[in-house]
Amino acid sequence: MENPAKNLWPALKGSLAKVYKPCIRKNCALCERGDKHPAWILTVSQKGHRRCFYVPEELVPIIQLAIQNGRKIEEWLGNAGPEIIKAFRHQRDNADNKKKRAAKS
Ligand SMILES: [Zn+2]
């Protein structure tokens with residue numbers, strides 16, 4: 001089994017959301033218009049606790065890529081159990097066949 005994780009870094013598990021927040025400035029044109037200020041929030045679960053982090057705009061594409069990579073790794077991990085069992089059986093059956101052949105000759 002090839003380890004895909006080396007090509008899937010950075011990776012993370014969480015969800016990214018764009019929110020619009022008002023600021024503390026007085027007479028802010030954006031806030032008065034109701035547009036407010038966009039901000040990116042990453043929500044993750046750490047040891048069962050939900051935590052939120054502000055994500056700087058420049059980092060958003062990397063976070064989005066990391067989330068995609070995280071999903072791919074999770075999918076791969078889901079397949080890993082059956083793959084390991086299959087590989088074990090295959091190896092064991094090959095060994096059994098060799099023993100049988102050795103016994104016959
Ligand atoms: Zn504002």
# chains A, B, ... in the order shown; residues from 1 in each chain; ligands from 1
call {"tool": "closest_atom_pairs", "arguments": {"of": "chain A", "to": "ligand 1", "cutoff": "9 Å", "atoms": "only C-alpha atoms and all ligand atoms", "output": "CSV"}}
result
residue,atom,partner,partner_atom_place_in_ligand_line,distance
A:Lys21,CA,ligand 1,1 (Zn),7.8
A:Pro22,CA,ligand 1,1 (Zn),5.2
A:Cys23,CA,ligand 1,1 (Zn),4.2
A:Ile24,CA,ligand 1,1 (Zn),6.6
A:Arg25,CA,ligand 1,1 (Zn),5.9
A:Lys26,CA,ligand 1,1 (Zn),7.8
A:Asn27,CA,ligand 1,1 (Zn),7.9
A:Cys28,CA,ligand 1,1 (Zn),4.6
A:Ala29,CA,ligand 1,1 (Zn),6.7
A:Leu30,CA,ligand 1,1 (Zn),5.2
A:Cys31,CA,ligand 1,1 (Zn),4.2
A:Glu32,CA,ligand 1,1 (Zn),7.5
A:Gly34,CA,ligand 1,1 (Zn),8.8
A:Asp35,CA,ligand 1,1 (Zn),8.2
A:Lys36,CA,ligand 1,1 (Zn),5.3
A:His37,CA,ligand 1,1 (Zn),6.1
call {"tool": "write_last_selection", "arguments": {"atoms": "C-alpha atoms", "output": "short mmCIF file (atom, residue, chain, number, x, y, z; two decimals), in the first residue's frame"}}
result
data_model
loop_
_atom_site.label_atom_id
_atom_site.label_comp_id
_atom_site.auth_asym_id
_atom_site.auth_seq_id
_atom_site.Cartn_x
_atom_site.Cartn_y
_atom_site.Cartn_z
CA LYS A 21 -18.47 41.23 11.25
CA PRO A 22 -19.02 44.81 12.27
CA CYS A 23 -15.97 46.70 13.47
CA ILE A 24 -15.48 49.07 16.40
CA ARG A 25 -14.70 52.15 14.31
CA LYS A 26 -17.21 55.00 14.43
CA ASN A 27 -18.78 56.14 11.17
CA CYS A 28 -17.36 53.21 9.22
CA ALA A 29 -18.82 53.40 5.71
CA LEU A 30 -18.78 49.63 5.26
CA CYS A 31 -20.60 48.98 8.53
CA GLU A 32 -23.14 51.74 7.91
CA GLY A 34 -24.43 46.93 6.19
CA ASP A 35 -21.58 45.30 4.28
CA LYS A 36 -19.43 44.94 7.39
CA HIS A 37 -16.05 43.26 7.19
#
call {"tool": "select_by_dssp", "arguments": {"residues": "chain A", "states": "strand (DSSP E or B)", "output": "list in words"}}
result
Ser15, Leu16, Ala17, Lys18, Val19, Tyr20, Lys21, His37, Pro38, Ala39, Trp40, Ile41, Leu42, Thr43, Val44, Ser45, Gln46, His49, Arg50, Arg51, Cys52, Phe53, Tyr54 and Val55 of chain A
call {"tool": "select_by_dssp", "arguments": {"residues": "segment 43-74 of chain A", "states": "helix (DSSP H, G or I)", "output": "list in words"}}
result
Glu57, Glu58, Leu59, Val60, Pro61, Ile62, Ile63, Gln64, Leu65, Ala66, Ile67, Gln68, Asn69, Gly70, Arg71, Lys72, Ile73 and Glu74 of chain A
call {"tool": "atom_distance", "arguments": {"atom1": "atom CA of Ile73 of chain A", "atom2": "atom CA of Thr43 of chain A"}}
result
18.6 Å
call {"tool": "residues_around", "arguments": {"residues": "Trp9 of chain A", "least_positions_apart": "4", "cutoff": "9 Å", "atoms": "only C-alpha atoms", "output": "MDAnalysis selection string"}}
result
chainID A and resid 5 65:66 69:70
call {"tool": "write_last_selection", "arguments": {"atoms": "C-alpha atoms", "output": "short mmCIF file (atom, residue, chain, number, x, y, z; two decimals), in the first residue's frame"}}
result
data_model
loop_
_atom_site.label_atom_id
_atom_site.label_comp_id
_atom_site.auth_asym_id
_atom_site.auth_seq_id
_atom_site.Cartn_x
_atom_site.Cartn_y
_atom_site.Cartn_z
CA ALA A 5 -0.01 11.36 2.96
CA LEU A 65 -6.24 22.93 0.17
CA ALA A 66 -5.47 21.46 3.60
CA ASN A 69 -6.21 16.95 1.59
CA GLY A 70 -7.65 16.06 4.99
#
call {"tool": "residues_around", "arguments": {"residues": "segment 51-61 of chain A", "least_positions_apart": "6", "cutoff": "10 Å", "atoms": "only C-alpha atoms", "output": "list in words"}}
result
Gly14, Ser15, Leu16, Ala17, Lys18, Pro38, Ala39, Trp40, Ile41, Leu42, Thr43, Val44, Ser45 and Ile67 of chain A
call {"tool": "write_last_selection", "arguments": {"atoms": "C-alpha atoms", "output": "compact mmCIF listing (two decimals), in the first residue's frame"}}
result
# COMPACT_ATOMS: atom_id res chain seq x y z
CA GLY A 14 -12.13 21.35 10.12
CA SER A 15 -14.48 23.71 8.34
CA LEU A 16 -13.82 27.14 6.95
CA ALA A 17 -16.55 29.77 6.86
CA LYS A 18 -16.69 33.35 5.68
CA PRO A 38 -15.40 39.80 5.81
CA ALA A 39 -13.43 37.43 7.98
CA TRP A 40 -12.57 33.76 7.66
CA ILE A 41 -13.16 31.43 10.58
CA LEU A 42 -11.74 27.95 10.82
CA THR A 43 -13.66 25.66 13.18
CA VAL A 44 -11.86 22.56 14.41
CA SER A 45 -12.49 19.95 17.05
CA ILE A 67 -9.18 20.68 4.16
